[in-house]
Amino acid sequence: MTELFSDDDARARDAADPLSTFRGEFHIPRHESAEMAYFCGNSLGLQPKGVRAMVEEVLDKWAREAVEGHFLEPAPWMPYHALVREPLAQVVGALPSEVVAMNTLTVNLHLMLVSFYRPTRERPAILLEAGAFPSDRHALESQVRFHGFDPATDLIELEPDEPEGTVSMAAIERAIGEHGHRLALILWPGVQYRTGQAFDLAAIVRLGHAAGAVVGFDLAHAVGNLPLRLHDAGADFAVWCHYKYMNSGPGAVAGCFVHERHANTERPRFAGWWGHRQDTRFRMGPRFEPTPGAEGWQLSNPPILGLAPLRASLELFTRAGMEPLRQRSLRLTGYLEALIRERLSDTLQIVTPREPERRGAQLSLRVAGGRERGRALFEHLAAHGVLGDWREPDVIRISPAPLYNTHADILRFARCVAEWRRDQNH
Ligand SMILES: *Cc1c(COP(=O)(O)O)cnc(C)c1O
């Protein structure tokens, strides 16, 4: 056993880490009599213990005050969404007026496309990545058709150019150079869900804007994972969900960013009464006057029970801070990478870029020997309380979430892989 593979070493790393105490704020799922090593925070984040009280507060208010709960302190429902605005703006690096929690990711993407994808005969095209998350592709393709254009020519899907299936900045630049004059929109991920590759958002915005295109981002795998600077990056819009790294529960209310420069836009939008100016909303007039900023895209009064978990979760992000969390994430994922490179590289090939600035928490691991062997390893891990997630045909994604995963979890994963391999070879 080398130093790196020892329990003492993992324990010492956890003890030295100032953010280790946040694990105690979460319900850790159990496997048989022990806690799981849970690495699926990129799919469904764990439940903060504070969520239950936050949800019960809403239930109690509803039971006791009914309609007056809209106005009565504490946490009246009428301005409830504003309770999450500032902490959310901190997480994504935006002005409070640039963010809103509403709907779900794909719904928000469509609402943004209504305003920001305005194809013309000269500029009908959208640039996206080949192998995009299916919902994003469905949304984009259906929007292209909705406007009477042809996805075969107007949905430009950039193929990965790097050996592991990642995309270089040079390839993005070439694609924008080649298609720029026809591009209405670029939609790009902050972190690619399959490979875990992180992108330089500001650089993509610069290139896109220079070509005359609108630039939007899907941050499903980036928010709560990497510190973001959406305002400074100059993104036109962004959408994301809150059930992955943001730990706000299955189907949580999602997020949306609209850059300040569009705060009072004349662009068309699909409108609803909750996007109407707050000060005159209840005059119930027929004419829509949008709230300046991202809140102007709200349609309905928000699900308060759905916002309550986000409120509880954001308290943890505010306390931890995205920069310290990122530092811890670099340590955890760096440790995972070191264990794999030292001992497991004949079994697991790391698909995610090696450079820390080109990835977040997740490492995507291709299992040597193909699908059957990969499935066998995945199931062995699960049977031992080590939960990653499986991506066809042969990839296991392991995502140490900096709020609750530990070096000890990671060592347990690496040991479990080593044991499985030893048994295989017998
Ligand atoms: C998780 C994820 C989604 C999920 O969309 P919902 O509308 O929340 O169901 C969409 N796009 C990407 C890139 C994702 O990672």
# chains A, B, ... in the order shown; residues from 1 in each chain; ligands from 1
>>> residues_around(residues="Asn405 in chain A", least_positions_apart="4", cutoff="8 Å", atoms="only C-alpha atoms", output="list in words")
Arg23, Ala37, Tyr38, Phe39, Pro400, Ala401, Asp409 and Ile410 of chain A
>>> write_last_selection(atoms="C-alpha atoms", output="tab-separated table (two decimals), in the first residue's frame")
chain	number	residue	atom	x	y	z
A	23	ARG	CA	-21.26	16.85	5.04
A	37	ALA	CA	-20.26	6.55	-1.12
A	38	TYR	CA	-22.63	8.62	-3.24
A	39	PHE	CA	-21.15	10.05	-6.45
A	400	PRO	CA	-17.36	14.02	-5.93
A	401	ALA	CA	-19.66	16.83	-4.78
A	409	ASP	CA	-15.53	8.17	-0.13
A	410	ILE	CA	-13.08	8.42	-3.00
>>> closest_atom_pairs(of="chain A", to="ligand 1", cutoff="9 Å", atoms="only C-alpha atoms and all ligand atoms", output="Markdown table")
| residue | atom | partner | partner_atom_place_in_ligand_line | distance |
| --- | --- | --- | --- | --- |
| A:Asn42 | CA | ligand 1 | 15 (O) | 8.4 |
| A:Ser43 | CA | ligand 1 | 1 (C) | 6.9 |
| A:Asn103 | CA | ligand 1 | 7 (O) | 8.8 |
| A:Thr104 | CA | ligand 1 | 7 (O) | 5.2 |
| A:Leu105 | CA | ligand 1 | 7 (O) | 3.9 |
| A:Thr106 | CA | ligand 1 | 7 (O) | 3.7 |
| A:Val107 | CA | ligand 1 | 7 (O) | 6.4 |
| A:Asn108 | CA | ligand 1 | 7 (O) | 8.1 |
| A:Leu109 | CA | ligand 1 | 7 (O) | 8.3 |
| A:Ala132 | CA | ligand 1 | 13 (C) | 7.0 |
| A:Phe133 | CA | ligand 1 | 13 (C) | 4.8 |
| A:Pro134 | CA | ligand 1 | 11 (N) | 7.2 |
| A:Ser135 | CA | ligand 1 | 10 (C) | 5.4 |
| A:Asp136 | CA | ligand 1 | 11 (N) | 5.5 |
| A:Arg137 | CA | ligand 1 | 11 (N) | 8.8 |
| A:Pro189 | CA | ligand 1 | 13 (C) | 6.5 |
| A:Gly190 | CA | ligand 1 | 13 (C) | 8.7 |
| A:Val191 | CA | ligand 1 | 13 (C) | 8.2 |
| A:Gln192 | CA | ligand 1 | 13 (C) | 7.1 |
| A:Tyr193 | CA | ligand 1 | 15 (O) | 5.6 |
| A:Arg194 | CA | ligand 1 | 15 (O) | 8.8 |
| A:Asp218 | CA | ligand 1 | 13 (C) | 5.9 |
| A:Leu219 | CA | ligand 1 | 13 (C) | 6.9 |
| A:Ala220 | CA | ligand 1 | 15 (O) | 4.6 |
| A:His221 | CA | ligand 1 | 15 (O) | 5.6 |
| A:Ala222 | CA | ligand 1 | 15 (O) | 9.0 |
| A:Val239 | CA | ligand 1 | 11 (N) | 8.9 |
| A:Trp240 | CA | ligand 1 | 8 (O) | 7.5 |
| A:Cys241 | CA | ligand 1 | 8 (O) | 5.4 |
| A:His242 | CA | ligand 1 | 8 (O) | 8.2 |
| A:Tyr243 | CA | ligand 1 | 8 (O) | 8.0 |
| A:Lys244 | CA | ligand 1 | 1 (C) | 7.3 |
| A:Gly251 | CA | ligand 1 | 8 (O) | 6.6 |
| A:Ala252 | CA | ligand 1 | 8 (O) | 8.1 |
| A:Val253 | CA | ligand 1 | 8 (O) | 8.7 |
| A:Ala254 | CA | ligand 1 | 8 (O) | 7.2 |
>>> write_last_selection(atoms="N, CA, C and O atoms", output="short mmCIF file (atom, residue, chain, number, x, y, z; two decimals), in the first residue's frame")
data_model
loop_
_atom_site.label_atom_id
_atom_site.label_comp_id
_atom_site.auth_asym_id
_atom_site.auth_seq_id
_atom_site.Cartn_x
_atom_site.Cartn_y
_atom_site.Cartn_z
N ASN A 42 -24.14 14.85 -9.59
CA ASN A 42 -24.32 15.47 -10.91
C ASN A 42 -25.65 15.06 -11.53
O ASN A 42 -26.01 15.50 -12.62
N SER A 43 -26.39 14.18 -10.86
CA SER A 43 -27.65 13.69 -11.39
C SER A 43 -28.79 14.09 -10.44
O SER A 43 -29.74 14.75 -10.84
N ASN A 103 -40.01 27.68 -13.23
CA ASN A 103 -40.24 26.56 -14.16
C ASN A 103 -39.21 25.44 -14.00
O ASN A 103 -38.71 25.20 -12.90
N THR A 104 -38.92 24.80 -15.14
CA THR A 104 -37.88 23.77 -15.18
C THR A 104 -36.95 24.10 -16.35
O THR A 104 -37.25 24.99 -17.14
N LEU A 105 -35.85 23.39 -16.43
CA LEU A 105 -34.80 23.78 -17.37
C LEU A 105 -35.31 23.88 -18.81
O LEU A 105 -35.12 24.91 -19.48
N THR A 106 -35.93 22.82 -19.30
CA THR A 106 -36.30 22.81 -20.72
C THR A 106 -37.38 23.86 -21.03
O THR A 106 -37.37 24.47 -22.09
N VAL A 107 -38.26 24.08 -20.06
CA VAL A 107 -39.27 25.14 -20.23
C VAL A 107 -38.55 26.49 -20.35
O VAL A 107 -38.85 27.29 -21.24
N ASN A 108 -37.60 26.74 -19.46
CA ASN A 108 -36.88 28.01 -19.52
C ASN A 108 -36.09 28.15 -20.82
O ASN A 108 -36.01 29.25 -21.38
N LEU A 109 -35.55 27.03 -21.29
CA LEU A 109 -34.82 27.10 -22.56
C LEU A 109 -35.76 27.54 -23.68
O LEU A 109 -35.42 28.42 -24.47
N ALA A 132 -25.33 16.61 -27.86
CA ALA A 132 -25.89 17.44 -26.79
C ALA A 132 -26.91 16.63 -26.00
O ALA A 132 -27.47 15.65 -26.50
N PHE A 133 -27.18 17.04 -24.78
CA PHE A 133 -28.23 16.42 -23.97
C PHE A 133 -29.52 16.41 -24.81
O PHE A 133 -29.89 17.44 -25.37
N PRO A 134 -30.19 15.26 -24.90
CA PRO A 134 -31.32 15.16 -25.83
C PRO A 134 -32.37 16.26 -25.67
O PRO A 134 -32.87 16.79 -26.67
N SER A 135 -32.68 16.64 -24.45
CA SER A 135 -33.72 17.66 -24.27
C SER A 135 -33.33 18.97 -24.95
O SER A 135 -34.17 19.65 -25.56
N ASP A 136 -32.08 19.34 -24.86
CA ASP A 136 -31.61 20.57 -25.49
C ASP A 136 -31.74 20.47 -27.00
O ASP A 136 -32.18 21.40 -27.68
N ARG A 137 -31.35 19.32 -27.51
CA ARG A 137 -31.44 19.14 -28.96
C ARG A 137 -32.89 19.16 -29.42
O ARG A 137 -33.23 19.78 -30.43
N PRO A 189 -22.96 24.11 -23.66
CA PRO A 189 -23.01 23.73 -22.25
C PRO A 189 -21.89 24.40 -21.45
O PRO A 189 -20.83 24.70 -22.01
N GLY A 190 -22.12 24.63 -20.17
CA GLY A 190 -21.05 25.09 -19.29
C GLY A 190 -20.11 23.95 -18.98
O GLY A 190 -18.89 24.06 -19.05
N VAL A 191 -20.69 22.79 -18.65
CA VAL A 191 -19.95 21.55 -18.45
C VAL A 191 -20.71 20.47 -19.23
O VAL A 191 -21.92 20.34 -19.08
N GLN A 192 -20.00 19.74 -20.08
CA GLN A 192 -20.64 18.71 -20.90
C GLN A 192 -21.01 17.51 -20.03
O GLN A 192 -20.18 17.01 -19.27
N TYR A 193 -22.25 17.06 -20.13
CA TYR A 193 -22.73 16.08 -19.15
C TYR A 193 -22.06 14.71 -19.27
O TYR A 193 -21.92 13.99 -18.29
N ARG A 194 -21.66 14.32 -20.48
CA ARG A 194 -21.10 12.98 -20.67
C ARG A 194 -19.59 12.95 -20.37
O ARG A 194 -19.11 12.04 -19.70
N ASP A 218 -26.41 26.35 -21.49
CA ASP A 218 -27.08 25.41 -20.60
C ASP A 218 -26.09 25.05 -19.50
O ASP A 218 -25.05 24.44 -19.77
N LEU A 219 -26.42 25.43 -18.28
CA LEU A 219 -25.49 25.28 -17.16
C LEU A 219 -25.90 24.17 -16.21
O LEU A 219 -25.50 24.16 -15.03
N ALA A 220 -26.69 23.20 -16.70
CA ALA A 220 -27.20 22.13 -15.85
C ALA A 220 -26.08 21.49 -15.02
O ALA A 220 -26.25 21.25 -13.82
N HIS A 221 -24.92 21.24 -15.65
CA HIS A 221 -23.83 20.56 -14.96
C HIS A 221 -22.75 21.52 -14.46
O HIS A 221 -21.72 21.09 -13.95
N ALA A 222 -22.98 22.81 -14.62
CA ALA A 222 -21.97 23.79 -14.21
C ALA A 222 -22.37 24.51 -12.93
O ALA A 222 -21.53 24.80 -12.09
N VAL A 239 -29.66 28.98 -18.84
CA VAL A 239 -30.68 28.21 -18.11
C VAL A 239 -29.98 27.07 -17.38
O VAL A 239 -28.90 26.64 -17.78
N TRP A 240 -30.61 26.61 -16.31
CA TRP A 240 -30.02 25.49 -15.56
C TRP A 240 -31.09 24.89 -14.67
O TRP A 240 -32.18 25.46 -14.50
N CYS A 241 -30.78 23.72 -14.10
CA CYS A 241 -31.70 23.10 -13.15
C CYS A 241 -31.06 23.15 -11.76
O CYS A 241 -29.87 23.44 -11.64
N HIS A 242 -31.85 22.84 -10.76
CA HIS A 242 -31.35 22.93 -9.38
C HIS A 242 -31.32 21.59 -8.67
O HIS A 242 -31.13 21.54 -7.46
N TYR A 243 -31.56 20.50 -9.40
CA TYR A 243 -31.60 19.21 -8.69
C TYR A 243 -30.27 18.46 -8.77
O TYR A 243 -30.11 17.44 -8.13
N LYS A 244 -29.32 18.96 -9.56
CA LYS A 244 -28.02 18.30 -9.66
C LYS A 244 -27.12 18.83 -8.54
O LYS A 244 -27.40 18.56 -7.38
N GLY A 251 -36.85 17.26 -9.72
CA GLY A 251 -37.73 18.16 -10.45
C GLY A 251 -37.78 19.57 -9.88
O GLY A 251 -38.73 20.32 -10.13
N ALA A 252 -36.75 19.96 -9.14
CA ALA A 252 -36.73 21.28 -8.48
C ALA A 252 -37.01 22.42 -9.45
O ALA A 252 -36.78 22.30 -10.66
N VAL A 253 -37.48 23.53 -8.90
CA VAL A 253 -37.64 24.75 -9.70
C VAL A 253 -36.28 25.13 -10.28
O VAL A 253 -35.27 25.06 -9.58
N ALA A 254 -36.26 25.51 -11.55
CA ALA A 254 -35.00 25.75 -12.26
C ALA A 254 -34.59 27.22 -12.22
O ALA A 254 -35.26 28.04 -11.58
#
>>> residues_around(residues="Val84 in chain A", least_positions_apart="3", cutoff="10 Å", atoms="only C-alpha atoms", output="ChimeraX atom specification")
/A:79-81,87-89,96,99-101,307-308,310-315
>>> closest_residue(among="A:Arg123, A:Arg371, A:Arg52, A:Arg85", to="Glu295 in chain A", atoms="only C-alpha atoms")
A:Arg85
>>> select_by_dssp(residues="range 197-321 of chain A", states="helix (DSSP H, G or I)", output="number ranges by chain")
A: 201-210, 230-233, 260-262, 273-275, 281-283, 294-297, 304-320
>>> atom_distance(atom1="CA of Asp232 in chain A", atom2="CA of Leu207 in chain A")
14.7 Å
>>> residues_around(residues="range 331-335 of chain A", least_positions_apart="3", cutoff="12 Å", atoms="only C-alpha atoms", output="PDB file with N, CA and C atoms, in the first residue's frame")
ATOM      1  N   LEU A   4      -0.748   7.083  -0.765  1.00  0.00           N
ATOM      2  CA  LEU A   4      -1.967   7.603  -1.381  1.00  0.00           C
ATOM      3  C   LEU A   4      -3.168   6.697  -1.128  1.00  0.00           C
ATOM      4  N   PHE A   5      -2.909   5.393  -1.036  1.00  0.00           N
ATOM      5  CA  PHE A   5      -4.005   4.446  -0.876  1.00  0.00           C
ATOM      6  C   PHE A   5      -4.329   4.129   0.585  1.00  0.00           C
ATOM      7  N   ASP A   9      -4.146   8.476   5.281  1.00  0.00           N
ATOM      8  CA  ASP A   9      -3.940   9.604   4.379  1.00  0.00           C
ATOM      9  C   ASP A   9      -5.276  10.260   4.032  1.00  0.00           C
ATOM     10  N   ALA A  10      -6.277   9.440   3.671  1.00  0.00           N
ATOM     11  CA  ALA A  10      -7.589   9.994   3.309  1.00  0.00           C
ATOM     12  C   ALA A  10      -8.192  10.738   4.495  1.00  0.00           C
ATOM     13  N   ARG A  13      -6.488  14.046   5.033  1.00  0.00           N
ATOM     14  CA  ARG A  13      -6.935  15.039   4.042  1.00  0.00           C
ATOM     15  C   ARG A  13      -8.302  15.606   4.419  1.00  0.00           C
ATOM     16  N   ASP A  14      -9.199  14.731   4.866  1.00  0.00           N
ATOM     17  CA  ASP A  14     -10.526  15.213   5.271  1.00  0.00           C
ATOM     18  C   ASP A  14     -10.441  16.099   6.512  1.00  0.00           C
ATOM     19  N   ALA A  16      -8.031  17.933   7.446  1.00  0.00           N
ATOM     20  CA  ALA A  16      -7.375  19.206   7.164  1.00  0.00           C
ATOM     21  C   ALA A  16      -8.270  20.142   6.355  1.00  0.00           C
ATOM     22  N   ASP A  17      -9.384  19.628   5.862  1.00  0.00           N
ATOM     23  CA  ASP A  17     -10.190  20.411   4.922  1.00  0.00           C
ATOM     24  C   ASP A  17     -11.261  21.219   5.656  1.00  0.00           C
ATOM     25  N   PRO A  18     -11.197  22.540   5.551  1.00  0.00           N
ATOM     26  CA  PRO A  18     -12.114  23.387   6.323  1.00  0.00           C
ATOM     27  C   PRO A  18     -13.590  23.173   5.947  1.00  0.00           C
ATOM     28  N   LEU A  19     -13.887  22.666   4.771  1.00  0.00           N
ATOM     29  CA  LEU A  19     -15.291  22.518   4.367  1.00  0.00           C
ATOM     30  C   LEU A  19     -15.858  21.123   4.678  1.00  0.00           C
ATOM     31  N   SER A  20     -15.064  20.275   5.303  1.00  0.00           N
ATOM     32  CA  SER A  20     -15.537  18.907   5.578  1.00  0.00           C
ATOM     33  C   SER A  20     -16.795  18.875   6.434  1.00  0.00           C
ATOM     34  N   PHE A  39     -21.841   9.194  -5.475  1.00  0.00           N
ATOM     35  CA  PHE A  39     -21.154  10.045  -6.451  1.00  0.00           C
ATOM     36  C   PHE A  39     -22.078  10.527  -7.561  1.00  0.00           C
ATOM     37  N   GLY A 196     -17.800  15.574 -18.943  1.00  0.00           N
ATOM     38  CA  GLY A 196     -17.370  16.400 -17.807  1.00  0.00           C
ATOM     39  C   GLY A 196     -16.495  17.575 -18.214  1.00  0.00           C
ATOM     40  N   ASN A 225     -21.237  23.783  -9.309  1.00  0.00           N
ATOM     41  CA  ASN A 225     -20.079  22.926  -9.548  1.00  0.00           C
ATOM     42  C   ASN A 225     -18.846  23.813  -9.743  1.00  0.00           C
ATOM     43  N   PRO A 324     -14.234  28.884  -2.254  1.00  0.00           N
ATOM     44  CA  PRO A 324     -13.728  27.811  -1.385  1.00  0.00           C
ATOM     45  C   PRO A 324     -14.239  26.431  -1.804  1.00  0.00           C
ATOM     46  N   LEU A 325     -15.500  26.364  -2.240  1.00  0.00           N
ATOM     47  CA  LEU A 325     -16.028  25.071  -2.694  1.00  0.00           C
ATOM     48  C   LEU A 325     -15.249  24.542  -3.887  1.00  0.00           C
ATOM     49  N   ARG A 326     -14.920  25.445  -4.794  1.00  0.00           N
ATOM     50  CA  ARG A 326     -14.139  25.037  -5.966  1.00  0.00           C
ATOM     51  C   ARG A 326     -12.762  24.541  -5.540  1.00  0.00           C
ATOM     52  N   GLN A 327     -12.171  25.210  -4.567  1.00  0.00           N
ATOM     53  CA  GLN A 327     -10.847  24.766  -4.095  1.00  0.00           C
ATOM     54  C   GLN A 327     -10.935  23.351  -3.530  1.00  0.00           C
ATOM     55  N   ARG A 328     -11.994  23.104  -2.744  1.00  0.00           N
ATOM     56  CA  ARG A 328     -12.174  21.756  -2.207  1.00  0.00           C
ATOM     57  C   ARG A 328     -12.444  20.752  -3.333  1.00  0.00           C
ATOM     58  N   ALA A 338      -5.594  11.098  -9.053  1.00  0.00           N
ATOM     59  CA  ALA A 338      -4.292  10.548  -8.647  1.00  0.00           C
ATOM     60  C   ALA A 338      -4.418   9.057  -8.306  1.00  0.00           C
ATOM     61  N   LEU A 339      -5.474   8.671  -7.604  1.00  0.00           N
ATOM     62  CA  LEU A 339      -5.660   7.261  -7.263  1.00  0.00           C
ATOM     63  C   LEU A 339      -5.807   6.414  -8.525  1.00  0.00           C
ATOM     64  N   ILE A 340      -6.587   6.925  -9.475  1.00  0.00           N
ATOM     65  CA  ILE A 340      -6.795   6.166 -10.716  1.00  0.00           C
ATOM     66  C   ILE A 340      -5.483   6.035 -11.488  1.00  0.00           C
ATOM     67  N   ARG A 341      -4.765   7.150 -11.605  1.00  0.00           N
ATOM     68  CA  ARG A 341      -3.524   7.103 -12.391  1.00  0.00           C
ATOM     69  C   ARG A 341      -2.468   6.220 -11.740  1.00  0.00           C
ATOM     70  N   GLU A 342      -2.477   6.206 -10.421  1.00  0.00           N
ATOM     71  CA  GLU A 342      -1.441   5.432  -9.752  1.00  0.00           C
ATOM     72  C   GLU A 342      -1.708   3.931  -9.817  1.00  0.00           C
ATOM     73  N   ILE A 350      -9.522   7.820 -18.099  1.00  0.00           N
ATOM     74  CA  ILE A 350     -10.214   9.082 -17.792  1.00  0.00           C
ATOM     75  C   ILE A 350     -10.510   9.828 -19.095  1.00  0.00           C
ATOM     76  N   THR A 352     -12.454  12.667 -19.140  1.00  0.00           N
ATOM     77  CA  THR A 352     -12.525  14.094 -18.813  1.00  0.00           C
ATOM     78  C   THR A 352     -11.142  14.731 -18.985  1.00  0.00           C
ATOM     79  N   PRO A 353     -11.096  15.981 -19.479  1.00  0.00           N
ATOM     80  CA  PRO A 353      -9.785  16.615 -19.671  1.00  0.00           C
ATOM     81  C   PRO A 353      -8.947  16.616 -18.394  1.00  0.00           C
ATOM     82  N   ARG A 354      -7.647  16.567 -18.616  1.00  0.00           N
ATOM     83  CA  ARG A 354      -6.702  16.482 -17.520  1.00  0.00           C
ATOM     84  C   ARG A 354      -6.511  17.812 -16.811  1.00  0.00           C
ATOM     85  N   GLU A 355      -6.628  18.915 -17.580  1.00  0.00           N
ATOM     86  CA  GLU A 355      -6.386  20.238 -17.010  1.00  0.00           C
ATOM     87  C   GLU A 355      -7.550  20.612 -16.095  1.00  0.00           C
ATOM     88  N   PRO A 356      -7.260  20.937 -14.827  1.00  0.00           N
ATOM     89  CA  PRO A 356      -8.348  21.259 -13.888  1.00  0.00           C
ATOM     90  C   PRO A 356      -9.264  22.383 -14.384  1.00  0.00           C
ATOM     91  N   GLU A 357      -8.718  23.340 -15.155  1.00  0.00           N
ATOM     92  CA  GLU A 357      -9.575  24.446 -15.602  1.00  0.00           C
ATOM     93  C   GLU A 357     -10.520  24.021 -16.732  1.00  0.00           C
ATOM     94  N   ARG A 359     -12.383  21.218 -16.451  1.00  0.00           N
ATOM     95  CA  ARG A 359     -13.341  20.271 -15.895  1.00  0.00           C
ATOM     96  C   ARG A 359     -13.888  20.798 -14.565  1.00  0.00           C
ATOM     97  N   GLY A 360     -15.002  20.187 -14.125  1.00  0.00           N
ATOM     98  CA  GLY A 360     -15.537  20.495 -12.806  1.00  0.00           C
ATOM     99  C   GLY A 360     -15.268  19.332 -11.888  1.00  0.00           C
ATOM    100  N   ALA A 361     -16.291  18.923 -11.121  1.00  0.00           N
ATOM    101  CA  ALA A 361     -16.102  17.861 -10.142  1.00  0.00           C
ATOM    102  C   ALA A 361     -16.015  16.478 -10.787  1.00  0.00           C
ATOM    103  N   GLN A 362     -16.740  16.301 -11.879  1.00  0.00           N
ATOM    104  CA  GLN A 362     -16.944  14.951 -12.435  1.00  0.00           C
ATOM    105  C   GLN A 362     -15.750  14.417 -13.230  1.00  0.00           C
ATOM    106  N   LEU A 363     -15.435  13.147 -13.011  1.00  0.00           N
ATOM    107  CA  LEU A 363     -14.568  12.428 -13.944  1.00  0.00           C
ATOM    108  C   LEU A 363     -15.403  11.336 -14.613  1.00  0.00           C
ATOM    109  N   SER A 364     -15.343  11.305 -15.939  1.00  0.00           N
ATOM    110  CA  SER A 364     -16.007  10.248 -16.709  1.00  0.00           C
ATOM    111  C   SER A 364     -14.958   9.178 -16.999  1.00  0.00           C
ATOM    112  N   ILE A 398     -18.183   9.528 -12.146  1.00  0.00           N
ATOM    113  CA  ILE A 398     -17.992   9.659 -10.702  1.00  0.00           C
ATOM    114  C   ILE A 398     -17.843  11.141 -10.397  1.00  0.00           C
ATOM    115  N   SER A 399     -18.739  11.641  -9.582  1.00  0.00           N
ATOM    116  CA  SER A 399     -18.743  13.074  -9.348  1.00  0.00           C
ATOM    117  C   SER A 399     -18.675  13.389  -7.857  1.00  0.00           C
ATOM    118  N   PRO A 400     -17.466  13.648  -7.347  1.00  0.00           N
ATOM    119  CA  PRO A 400     -17.365  14.019  -5.933  1.00  0.00           C
ATOM    120  C   PRO A 400     -17.918  15.433  -5.728  1.00  0.00           C
ATOM    121  N   ALA A 401     -19.040  15.523  -5.028  1.00  0.00           N
ATOM    122  CA  ALA A 401     -19.656  16.833  -4.783  1.00  0.00           C
ATOM    123  C   ALA A 401     -18.972  17.467  -3.575  1.00  0.00           C
ATOM    124  N   PRO A 402     -18.443  18.684  -3.759  1.00  0.00           N
ATOM    125  CA  PRO A 402     -17.599  19.255  -2.703  1.00  0.00           C
ATOM    126  C   PRO A 402     -18.342  19.564  -1.408  1.00  0.00           C
ATOM    127  N   LEU A 403     -19.674  19.662  -1.439  1.00  0.00           N
ATOM    128  CA  LEU A 403     -20.384  19.934  -0.181  1.00  0.00           C
ATOM    129  C   LEU A 403     -20.479  18.693   0.702  1.00  0.00           C
ATOM    130  N   TYR A 404     -20.502  17.502   0.119  1.00  0.00           N
ATOM    131  CA  TYR A 404     -20.695  16.341   1.013  1.00  0.00           C
ATOM    132  C   TYR A 404     -19.792  15.143   0.747  1.00  0.00           C
ATOM    133  N   ASN A 405     -19.146  15.049  -0.387  1.00  0.00           N
ATOM    134  CA  ASN A 405     -18.242  13.906  -0.568  1.00  0.00           C
ATOM    135  C   ASN A 405     -16.914  14.148   0.141  1.00  0.00           C
ATOM    136  N   THR A 406     -16.244  13.040   0.455  1.00  0.00           N
ATOM    137  CA  THR A 406     -14.996  13.116   1.217  1.00  0.00           C
ATOM    138  C   THR A 406     -13.893  12.339   0.495  1.00  0.00           C
ATOM    139  N   HIS A 407     -12.666  12.572   0.949  1.00  0.00           N
ATOM    140  CA  HIS A 407     -11.548  11.769   0.441  1.00  0.00           C
ATOM    141  C   HIS A 407     -11.764  10.299   0.787  1.00  0.00           C
ATOM    142  N   ALA A 408     -12.379  10.054   1.957  1.00  0.00           N
ATOM    143  CA  ALA A 408     -12.647   8.664   2.362  1.00  0.00           C
ATOM    144  C   ALA A 408     -13.605   7.990   1.374  1.00  0.00           C
ATOM    145  N   ASP A 409     -14.626   8.721   0.898  1.00  0.00           N
ATOM    146  CA  ASP A 409     -15.534   8.170  -0.130  1.00  0.00           C
ATOM    147  C   ASP A 409     -14.745   7.757  -1.367  1.00  0.00           C
ATOM    148  N   ILE A 410     -13.824   8.631  -1.755  1.00  0.00           N
ATOM    149  CA  ILE A 410     -13.083   8.417  -2.996  1.00  0.00           C
ATOM    150  C   ILE A 410     -12.142   7.221  -2.857  1.00  0.00           C
ATOM    151  N   LEU A 411     -11.516   7.126  -1.695  1.00  0.00           N
ATOM    152  CA  LEU A 411     -10.640   5.978  -1.458  1.00  0.00           C
ATOM    153  C   LEU A 411     -11.457   4.681  -1.502  1.00  0.00           C
ATOM    154  N   PHE A 413     -14.137   4.096  -3.247  1.00  0.00           N
ATOM    155  CA  PHE A 413     -14.378   3.798  -4.663  1.00  0.00           C
ATOM    156  C   PHE A 413     -13.154   3.113  -5.279  1.00  0.00           C
ATOM    157  N   ALA A 414     -11.984   3.707  -5.070  1.00  0.00           N
ATOM    158  CA  ALA A 414     -10.766   3.188  -5.704  1.00  0.00           C
ATOM    159  C   ALA A 414     -10.458   1.770  -5.202  1.00  0.00           C
TER     160      ALA A 414
END
>>> closest_residue(among="A:Ala125, A:Leu226, A:Cys256, A:Val58", to="Gly293 in chain A", atoms="only C-alpha atoms")
A:Cys256
>>> residues_around(residues="Glu379 in chain A", least_positions_apart="5", cutoff="12 Å", atoms="only C-alpha atoms", output="ChimeraX atom specification")
/A:372-374,384-390,396,416-417,420
>>> residues_around(residues="Leu44 in chain A", least_positions_apart="2", cutoff="9 Å", atoms="only C-alpha atoms", output="tab-separated table (two decimals) with N, CA and C atoms, in the first residue's frame")
chain	number	residue	atom	x	y	z
A	40	CYS	N	-23.38	10.59	-7.27
A	40	CYS	CA	-24.36	10.98	-8.29
A	40	CYS	C	-24.90	12.39	-8.08
A	41	GLY	N	-24.12	13.23	-7.41
A	41	GLY	CA	-24.55	14.61	-7.21
A	41	GLY	C	-24.71	15.38	-8.51
A	42	ASN	N	-24.14	14.85	-9.59
A	42	ASN	CA	-24.32	15.47	-10.91
A	42	ASN	C	-25.65	15.06	-11.53
A	46	LEU	N	-27.85	15.36	-2.99
A	46	LEU	CA	-28.44	14.88	-1.74
A	46	LEU	C	-29.28	15.96	-1.06
A	243	TYR	N	-31.56	20.50	-9.40
A	243	TYR	CA	-31.60	19.21	-8.69
A	243	TYR	C	-30.27	18.46	-8.77
A	244	LYS	N	-29.32	18.96	-9.56
A	244	LYS	CA	-28.02	18.30	-9.66
A	244	LYS	C	-27.12	18.83	-8.54
A	245	TYR	N	-26.07	19.59	-8.88
A	245	TYR	CA	-25.17	20.06	-7.82
A	245	TYR	C	-25.85	21.02	-6.84
A	246	MET	N	-27.03	21.53	-7.20
A	246	MET	CA	-27.69	22.50	-6.32
A	246	MET	C	-28.58	21.86	-5.26
A	247	ASN	N	-28.71	20.53	-5.30
A	247	ASN	CA	-29.29	19.80	-4.15
A	247	ASN	C	-30.69	20.27	-3.74
A	248	SER	N	-31.53	20.65	-4.72
A	248	SER	CA	-32.84	21.18	-4.35
A	248	SER	C	-33.99	20.21	-4.60
A	249	GLY	N	-33.65	18.96	-4.89
A	249	GLY	CA	-34.68	17.92	-4.94
A	249	GLY	C	-35.16	17.60	-6.34
A	250	PRO	N	-35.72	16.41	-6.50
A	250	PRO	CA	-36.15	15.93	-7.82
A	250	PRO	C	-37.13	16.90	-8.48
